[in-house]
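Enquirer: Please find coords39.cif (mmCIF, C-alpha atoms) on the next line:
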```cif
data_final
#
loop_
_atom_site.label_atom_id
_atom_site.label_comp_id
_atom_site.auth_asym_id
_atom_site.auth_seq_id
_atom_site.Cartn_x
_atom_site.Cartn_y
_atom_site.Cartn_z
CA MET A 1 8.19 -84.39 24.93
CA ASN A 2 9.99 -86.31 22.22
CA PRO A 3 7.47 -87.12 19.46
CA ILE A 4 9.07 -90.53 18.84
CA LEU A 5 8.71 -91.59 22.48
CA PRO A 6 5.20 -91.47 23.92
CA ASP A 7 4.82 -90.45 27.56
CA THR A 8 4.32 -93.96 28.93
CA HIS A 9 6.22 -96.28 31.21
CA LEU A 10 9.52 -97.52 29.90
CA PRO A 11 9.75 -101.17 28.89
CA GLY A 12 11.01 -103.62 31.49
CA GLY A 13 10.14 -101.46 34.48
CA TYR A 14 12.93 -98.92 33.99
CA THR A 15 12.51 -95.54 35.63
CA ILE A 16 14.00 -92.12 34.89
CA ASP A 17 14.46 -89.53 37.63
CA GLU A 18 15.62 -85.92 37.49
CA VAL A 19 18.12 -85.38 40.34
CA TYR A 20 20.03 -82.21 39.43
CA GLY A 21 21.42 -80.51 42.54
CA ARG A 22 19.57 -82.77 44.97
CA MET A 23 21.24 -86.15 45.25
CA ALA A 24 21.75 -87.97 48.50
CA PRO A 25 25.39 -88.85 49.28
CA ARG A 26 24.66 -92.57 48.79
CA VAL A 27 23.39 -91.87 45.24
CA ARG A 28 26.47 -89.78 44.47
CA ASP A 29 28.65 -92.68 45.70
CA GLU A 30 26.62 -95.13 43.61
CA ILE A 31 27.17 -93.04 40.46
CA VAL A 32 30.91 -92.71 41.11
CA GLY A 33 31.04 -96.46 41.72
CA MET A 34 29.23 -97.13 38.44
CA TRP A 35 31.69 -95.00 36.48
CA MET A 36 34.60 -96.75 38.16
CA ALA A 37 33.15 -100.27 37.66
CA GLU A 38 32.47 -99.56 33.99
CA ARG A 39 35.94 -97.94 33.59
CA VAL A 40 34.37 -94.81 32.17
CA LEU A 41 36.13 -92.23 34.37
CA GLY A 42 39.03 -92.13 36.79
CA PRO A 43 38.38 -91.44 40.48
CA ALA A 44 39.12 -87.69 40.44
CA GLU A 45 37.05 -86.99 37.30
CA ALA A 46 34.20 -89.16 38.58
CA GLN A 47 34.12 -87.18 41.84
CA ARG A 48 34.15 -83.88 39.93
CA ARG A 49 31.58 -84.89 37.34
CA VAL A 50 29.01 -86.33 39.76
CA ALA A 51 27.88 -82.76 40.53
CA GLU A 52 26.84 -82.49 36.84
CA VAL A 53 24.38 -85.40 36.96
CA VAL A 54 20.92 -84.24 35.87
CA VAL A 55 19.06 -87.51 35.28
CA LEU A 56 19.49 -91.12 36.24
CA ALA A 57 17.92 -94.31 34.92
CA ARG A 58 17.27 -97.39 37.03
CA ALA A 59 16.37 -100.93 36.06
CA ALA A 60 13.36 -102.59 37.69
CA ASP A 61 15.68 -104.22 40.25
CA GLY A 62 17.03 -100.80 41.27
CA GLU A 63 20.38 -101.11 39.52
CA LEU A 64 21.72 -97.85 38.14
CA ALA A 65 21.34 -98.30 34.37
CA GLY A 66 22.55 -94.91 33.14
CA ILE A 67 23.01 -91.22 33.80
CA ALA A 68 22.92 -87.93 31.93
CA THR A 69 25.15 -85.03 32.86
CA ALA A 70 25.31 -81.39 31.79
CA TYR A 71 27.60 -78.43 32.35
CA VAL A 72 27.54 -74.86 31.06
CA ALA A 73 30.24 -73.67 28.66
CA PRO A 74 30.42 -71.72 25.40
CA LEU A 75 29.44 -73.51 22.21
CA ALA A 76 32.59 -74.21 20.17
CA GLY A 77 33.58 -71.20 18.11
CA THR A 78 31.34 -68.80 20.07
CA ASP A 79 31.14 -67.04 23.42
CA ARG A 80 27.48 -68.05 23.88
CA PRO A 81 26.73 -70.33 26.87
CA TYR A 82 24.98 -73.68 26.38
CA TRP A 83 24.33 -76.73 28.47
CA HIS A 84 26.71 -79.42 27.19
CA TYR A 85 24.84 -82.72 27.55
CA ARG A 86 26.33 -86.21 27.92
CA THR A 87 24.70 -89.61 28.37
CA PHE A 88 26.09 -92.91 29.59
CA VAL A 89 24.04 -96.10 29.59
CA ARG A 90 25.66 -99.20 31.03
CA PRO A 91 26.34 -101.86 28.36
CA ALA A 92 23.97 -104.33 30.03
CA HIS A 93 21.08 -101.87 29.52
CA ARG A 94 21.79 -100.52 26.04
CA GLY A 95 19.30 -102.90 24.45
CA VAL A 96 16.44 -100.83 25.90
CA TRP A 97 16.33 -98.16 23.18
CA ALA A 98 13.94 -95.89 25.11
CA ILE A 99 16.32 -95.13 28.00
CA ALA A 100 18.47 -92.51 26.25
CA PRO A 101 15.60 -90.57 24.60
CA ARG A 102 13.64 -90.46 27.85
CA MET A 103 16.71 -89.30 29.79
CA PHE A 104 17.19 -86.57 27.19
CA ASP A 105 13.59 -85.38 27.38
CA THR A 106 13.70 -85.32 31.18
CA ALA A 107 17.02 -83.47 31.19
CA VAL A 108 15.82 -80.87 28.65
CA ALA A 109 12.81 -80.06 30.84
CA ALA A 110 14.98 -79.79 33.96
CA LEU A 111 17.69 -77.67 32.33
CA ARG A 112 15.19 -75.39 30.61
CA ALA A 113 13.61 -74.68 34.00
CA HIS A 114 16.92 -74.27 35.86
CA ASP A 115 17.80 -70.65 36.60
CA HIS A 116 21.52 -70.76 35.80
CA PRO A 117 23.42 -67.47 36.28
CA GLN A 118 25.01 -67.68 32.81
CA GLY A 119 21.61 -68.04 31.11
CA PRO A 120 22.36 -70.92 28.72
CA LEU A 121 20.62 -70.52 25.35
CA GLY A 122 19.98 -74.24 24.95
CA ILE A 123 21.63 -77.62 24.82
CA THR A 124 24.48 -78.90 22.71
CA LEU A 125 25.68 -82.46 22.11
CA VAL A 126 29.12 -83.52 20.97
CA VAL A 127 28.62 -87.03 19.64
CA GLU A 128 31.57 -89.22 20.54
CA ASN A 129 29.89 -92.54 19.74
CA ARG A 130 30.29 -93.18 16.00
CA GLU A 131 27.17 -95.42 16.05
CA LEU A 132 25.13 -92.26 16.69
CA MET A 133 26.43 -90.72 13.47
CA ARG A 134 24.67 -93.26 11.25
CA PRO A 135 21.85 -91.78 9.11
CA ALA A 136 19.03 -93.49 11.06
CA MET A 137 20.41 -92.27 14.39
CA ARG A 138 20.86 -88.75 13.02
CA GLU A 139 17.18 -88.80 12.05
CA GLU A 140 16.22 -89.85 15.59
CA ILE A 141 18.33 -87.09 17.13
CA GLY A 142 16.80 -84.54 14.76
CA ARG A 143 13.28 -85.66 15.70
CA ALA A 144 14.19 -84.99 19.33
CA GLY A 145 14.45 -81.30 18.40
CA LEU A 146 18.18 -80.89 17.81
CA THR A 147 19.83 -79.31 14.76
CA LEU A 148 23.01 -80.81 13.30
CA LEU A 149 25.44 -77.90 13.11
CA GLY A 150 28.38 -79.76 11.59
CA ALA A 151 31.50 -81.59 12.68
CA ASP A 152 34.33 -80.43 14.91
CA THR A 153 38.01 -80.90 14.07
CA ALA A 154 37.88 -84.44 15.52
CA GLY A 155 35.02 -85.35 13.14
CA ARG A 156 32.39 -85.55 15.89
CA ASP A 157 28.84 -84.41 15.11
CA ILE A 158 27.81 -81.22 16.94
CA TRP A 159 24.07 -80.86 17.61
CA CYS A 160 22.25 -77.96 19.21
CA MET A 161 18.79 -77.00 20.47
CA HIS A 162 17.73 -73.50 21.49
CA PHE A 163 15.29 -73.28 24.38
CA ASP A 164 13.34 -70.53 22.57
CA GLY A 165 12.76 -72.78 19.54
CA SER A 166 14.93 -70.74 17.17
CA VAL A 167 17.35 -72.54 14.87
CA PRO A 168 20.96 -72.18 15.99
CA ASP A 169 23.51 -70.58 13.69
CA VAL A 170 26.48 -72.68 12.63
CA PRO A 171 29.48 -71.38 14.55
CA PRO A 172 32.76 -70.74 12.75
CA GLY A 173 35.18 -73.65 12.69
CA LEU A 174 32.63 -76.44 12.20
CA ARG A 175 32.67 -78.43 9.00
CA PRO A 176 29.31 -78.90 7.27
CA ARG A 177 27.72 -82.35 7.57
CA SER A 178 25.43 -83.94 5.01
#
```
Please express the file's structure as structure tokens.
Expert:
Amino acid sequence: MNPILPDTHLPGGYTIDEVYGRMAPRVRDEIVGMWMAERVLGPAEAQRRVAEVVVLARAADGELAGIATAYVAPLAGTDRPYWHYRTFVRPAHRGVWAIAPRMFDTAVAALRAHDHPQGPLGITLVVENRELMRPAMREEIGRAGLTLLGADTAGRDIWCMHFDGSVPDVPPGLRPRS
């Protein structure tokens, strides 16, 4: 569990549920609808990506507040498989800081336990949101157990966590980050 987020209820009655590989069709439709309403993904990509949903967050009134997805692919510059993790929290719910860390913790536990045929070594994040590259946010991400490997050619931070607790090597092609 994330040391900066105690294992207690989330503020405001939010809930986090692990749903990987076991979502009812109505929940899948709800997630696709959320992506469409928020103009995050087009219809075809939303339909494809819904199978990657690992965790969902709901507000006290039941509204879908956010989701976390993951897929297995090699870490950039290597042939080693990792879970590539993504999070989306609806703008109306972004003020509840605890949603994203709790979704991450729940997803890590689920993905660590999942018996994937490619045997992912851990989790990697490609940070697309520049707000998450500020020093204070980098500290928070590091406290969650991830190691900053560097930046890709687009300047996005690349973070990684090995399930066995070892520190990941920096793959070729990433620029060092301070």
Enquirer: Select, from A:Ala110, A:Met161, A:Ala65, A:Ile31, the residue with the minimum atom-to-atom distance to Gly95 of chain A, counting all atoms listed in the file.
Expert: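 Between A:Ala110, A:Met161, A:Ala65, A:Ile31, the residue approaching Gly95 of chain A most closely is A:Ala65.
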Enquirer: What gap, in Å, lies between atom CA of Pro168 of chain A and atom CA of Leu121 of chain A?
Expert: 9.5 Å
Enquirer: With segment 33-44 of chain A as the partner and 12 Å as the cut-off, tabulate the residues of segment 73-173 of chain A that qualify, each row holding the nearest pair of atoms and their distance in Å to one decimal, using all atoms listed in the file, sorted by chain and rising number, as JSON lines.
Expert:
```
{"residue": "A:Thr87", "atom": "CA", "partner": "A:Val40", "partner_atom": "CA", "distance": 11.6}
{"residue": "A:Phe88", "atom": "CA", "partner": "A:Val40", "partner_atom": "CA", "distance": 8.9}
{"residue": "A:Val89", "atom": "CA", "partner": "A:Glu38", "partner_atom": "CA", "distance": 10.1}
{"residue": "A:Arg90", "atom": "CA", "partner": "A:Glu38", "partner_atom": "CA", "distance": 7.4}
{"residue": "A:Pro91", "atom": "CA", "partner": "A:Glu38", "partner_atom": "CA", "distance": 8.6}
{"residue": "A:Ala92", "atom": "CA", "partner": "A:Glu38", "partner_atom": "CA", "distance": 10.5}
```
Enquirer: For a quick check of understanding, using all atoms listed in the file, which of A:Asp115, A:Asp164, A:Asp61, A:Asp79 has the smallest distance to Gly12 of chain A?
Expert: A:Asp61
Enquirer: Take the PyMOL selection byres ((chain A and resi 107) around 10), apply it to the structure above, and return the hits as a PyMOL selection string.
Expert: chain A and resi 16-20+53-56+68-70+85+101-106+108-113+123
Enquirer: So, counting all atoms listed in the file, which residue among A:Thr78, A:Asn129, A:Gln118, A:Thr153 is closest to Asp169 of chain A?
Expert: A:Thr78
Enquirer: Just to confirm, what's the straight-line distance from atom CA of Val32 of chain A to atom CA of Leu132 of chain A in Å (one decimal)?
Expert: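 Computed distance, atom CA of Val32 of chain A to atom CA of Leu132 of chain A, equals 25.1 Å.
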Enquirer: How would segment 96-178 of chain A look written as a PDB file, in the first residue's frame with C-alpha atoms?
Expert:
```pdb
ATOM      1  CA  VAL A  96     -10.131  14.637  -4.727  1.00  0.00           C
ATOM      2  CA  TRP A  97      -6.376  14.027  -4.654  1.00  0.00           C
ATOM      3  CA  ALA A  98      -6.685  10.513  -3.188  1.00  0.00           C
ATOM      4  CA  ILE A  99      -8.497   8.964  -6.177  1.00  0.00           C
ATOM      5  CA  ALA A 100      -5.473   8.487  -8.448  1.00  0.00           C
ATOM      6  CA  PRO A 101      -3.095   7.084  -5.781  1.00  0.00           C
ATOM      7  CA  ARG A 102      -5.733   4.651  -4.531  1.00  0.00           C
ATOM      8  CA  MET A 103      -6.519   3.507  -8.087  1.00  0.00           C
ATOM      9  CA  PHE A 104      -2.801   2.950  -8.622  1.00  0.00           C
ATOM     10  CA  ASP A 105      -2.384   0.913  -5.438  1.00  0.00           C
ATOM     11  CA  THR A 106      -5.422  -1.215  -6.282  1.00  0.00           C
ATOM     12  CA  ALA A 107      -4.224  -1.748  -9.849  1.00  0.00           C
ATOM     13  CA  VAL A 108      -0.689  -2.709  -8.745  1.00  0.00           C
ATOM     14  CA  ALA A 109      -2.089  -5.391  -6.436  1.00  0.00           C
ATOM     15  CA  ALA A 110      -4.381  -6.739  -9.169  1.00  0.00           C
ATOM     16  CA  LEU A 111      -1.728  -6.745 -11.901  1.00  0.00           C
ATOM     17  CA  ARG A 112       0.917  -8.268  -9.640  1.00  0.00           C
ATOM     18  CA  ALA A 113      -1.474 -11.145  -8.909  1.00  0.00           C
ATOM     19  CA  HIS A 114      -2.625 -11.585 -12.522  1.00  0.00           C
ATOM     20  CA  ASP A 115      -1.066 -14.591 -14.257  1.00  0.00           C
ATOM     21  CA  HIS A 116      -0.357 -13.023 -17.652  1.00  0.00           C
ATOM     22  CA  PRO A 117       1.247 -15.344 -20.244  1.00  0.00           C
ATOM     23  CA  GLN A 118       3.990 -12.813 -21.068  1.00  0.00           C
ATOM     24  CA  GLY A 119       5.034 -12.533 -17.409  1.00  0.00           C
ATOM     25  CA  PRO A 120       5.311  -8.738 -17.080  1.00  0.00           C
ATOM     26  CA  LEU A 121       8.208  -7.660 -14.852  1.00  0.00           C
ATOM     27  CA  GLY A 122       6.332  -4.703 -13.401  1.00  0.00           C
ATOM     28  CA  ILE A 123       4.515  -1.516 -14.271  1.00  0.00           C
ATOM     29  CA  THR A 124       5.573   1.449 -16.338  1.00  0.00           C
ATOM     30  CA  LEU A 125       4.016   4.900 -16.653  1.00  0.00           C
ATOM     31  CA  VAL A 126       4.436   7.318 -19.521  1.00  0.00           C
ATOM     32  CA  VAL A 127       3.436  10.675 -18.069  1.00  0.00           C
ATOM     33  CA  GLU A 128       1.533  12.705 -20.624  1.00  0.00           C
ATOM     34  CA  ASN A 129       0.173  15.294 -18.177  1.00  0.00           C
ATOM     35  CA  ARG A 130       2.842  17.974 -17.719  1.00  0.00           C
ATOM     36  CA  GLU A 131       1.376  18.841 -14.281  1.00  0.00           C
ATOM     37  CA  LEU A 132       2.640  15.441 -13.083  1.00  0.00           C
ATOM     38  CA  MET A 133       6.198  16.385 -14.041  1.00  0.00           C
ATOM     39  CA  ARG A 134       6.447  19.120 -11.413  1.00  0.00           C
ATOM     40  CA  PRO A 135       8.947  18.373  -8.603  1.00  0.00           C
ATOM     41  CA  ALA A 136       6.264  17.848  -5.914  1.00  0.00           C
ATOM     42  CA  MET A 137       4.339  15.419  -8.116  1.00  0.00           C
ATOM     43  CA  ARG A 138       7.519  13.550  -9.013  1.00  0.00           C
ATOM     44  CA  GLU A 139       8.151  13.107  -5.284  1.00  0.00           C
ATOM     45  CA  GLU A 140       4.635  11.697  -4.821  1.00  0.00           C
ATOM     46  CA  ILE A 141       5.079   9.258  -7.707  1.00  0.00           C
ATOM     47  CA  GLY A 142       8.442   8.156  -6.309  1.00  0.00           C
ATOM     48  CA  ARG A 143       6.902   7.543  -2.878  1.00  0.00           C
ATOM     49  CA  ALA A 144       4.384   5.247  -4.575  1.00  0.00           C
ATOM     50  CA  GLY A 145       7.312   2.940  -5.409  1.00  0.00           C
ATOM     51  CA  LEU A 146       8.155   3.977  -8.956  1.00  0.00           C
ATOM     52  CA  THR A 147      11.605   4.894 -10.293  1.00  0.00           C
ATOM     53  CA  LEU A 148      12.022   7.759 -12.758  1.00  0.00           C
ATOM     54  CA  LEU A 149      13.961   6.260 -15.658  1.00  0.00           C
ATOM     55  CA  GLY A 150      14.204   9.380 -17.802  1.00  0.00           C
ATOM     56  CA  ALA A 151      12.358  11.069 -20.632  1.00  0.00           C
ATOM     57  CA  ASP A 152      11.330   9.712 -24.006  1.00  0.00           C
ATOM     58  CA  THR A 153      11.863  11.566 -27.289  1.00  0.00           C
ATOM     59  CA  ALA A 154       8.609  13.500 -26.709  1.00  0.00           C
ATOM     60  CA  GLY A 155       9.908  14.736 -23.327  1.00  0.00           C
ATOM     61  CA  ARG A 156       7.475  12.637 -21.279  1.00  0.00           C
ATOM     62  CA  ASP A 157       8.649  11.191 -17.961  1.00  0.00           C
ATOM     63  CA  ILE A 158       9.002   7.395 -17.975  1.00  0.00           C
ATOM     64  CA  TRP A 159       8.544   5.701 -14.586  1.00  0.00           C
ATOM     65  CA  CYS A 160       8.879   2.032 -13.730  1.00  0.00           C
ATOM     66  CA  MET A 161       8.304  -0.375 -10.844  1.00  0.00           C
ATOM     67  CA  HIS A 162       9.495  -3.980 -10.738  1.00  0.00           C
ATOM     68  CA  PHE A 163       7.201  -6.434  -8.986  1.00  0.00           C
ATOM     69  CA  ASP A 164      10.207  -8.120  -7.336  1.00  0.00           C
ATOM     70  CA  GLY A 165      11.318  -4.840  -5.741  1.00  0.00           C
ATOM     71  CA  SER A 166      14.512  -4.518  -7.794  1.00  0.00           C
ATOM     72  CA  VAL A 167      15.401  -1.157  -9.315  1.00  0.00           C
ATOM     73  CA  PRO A 168      14.832  -1.063 -13.070  1.00  0.00           C
ATOM     74  CA  ASP A 169      17.716  -0.334 -15.414  1.00  0.00           C
ATOM     75  CA  VAL A 170      17.448   2.719 -17.629  1.00  0.00           C
ATOM     76  CA  PRO A 171      16.753   1.470 -21.146  1.00  0.00           C
ATOM     77  CA  PRO A 172      18.699   2.879 -24.079  1.00  0.00           C
ATOM     78  CA  GLY A 173      17.132   5.862 -25.794  1.00  0.00           C
ATOM     79  CA  LEU A 174      15.803   7.610 -22.682  1.00  0.00           C
ATOM     80  CA  ARG A 175      17.231  10.966 -21.703  1.00  0.00           C
ATOM     81  CA  PRO A 176      18.244  11.364 -18.056  1.00  0.00           C
ATOM     82  CA  ARG A 177      15.924  13.462 -15.883  1.00  0.00           C
ATOM     83  CA  SER A 178      16.984  15.491 -12.876  1.00  0.00           C
TER      84      SER A 178
END
```
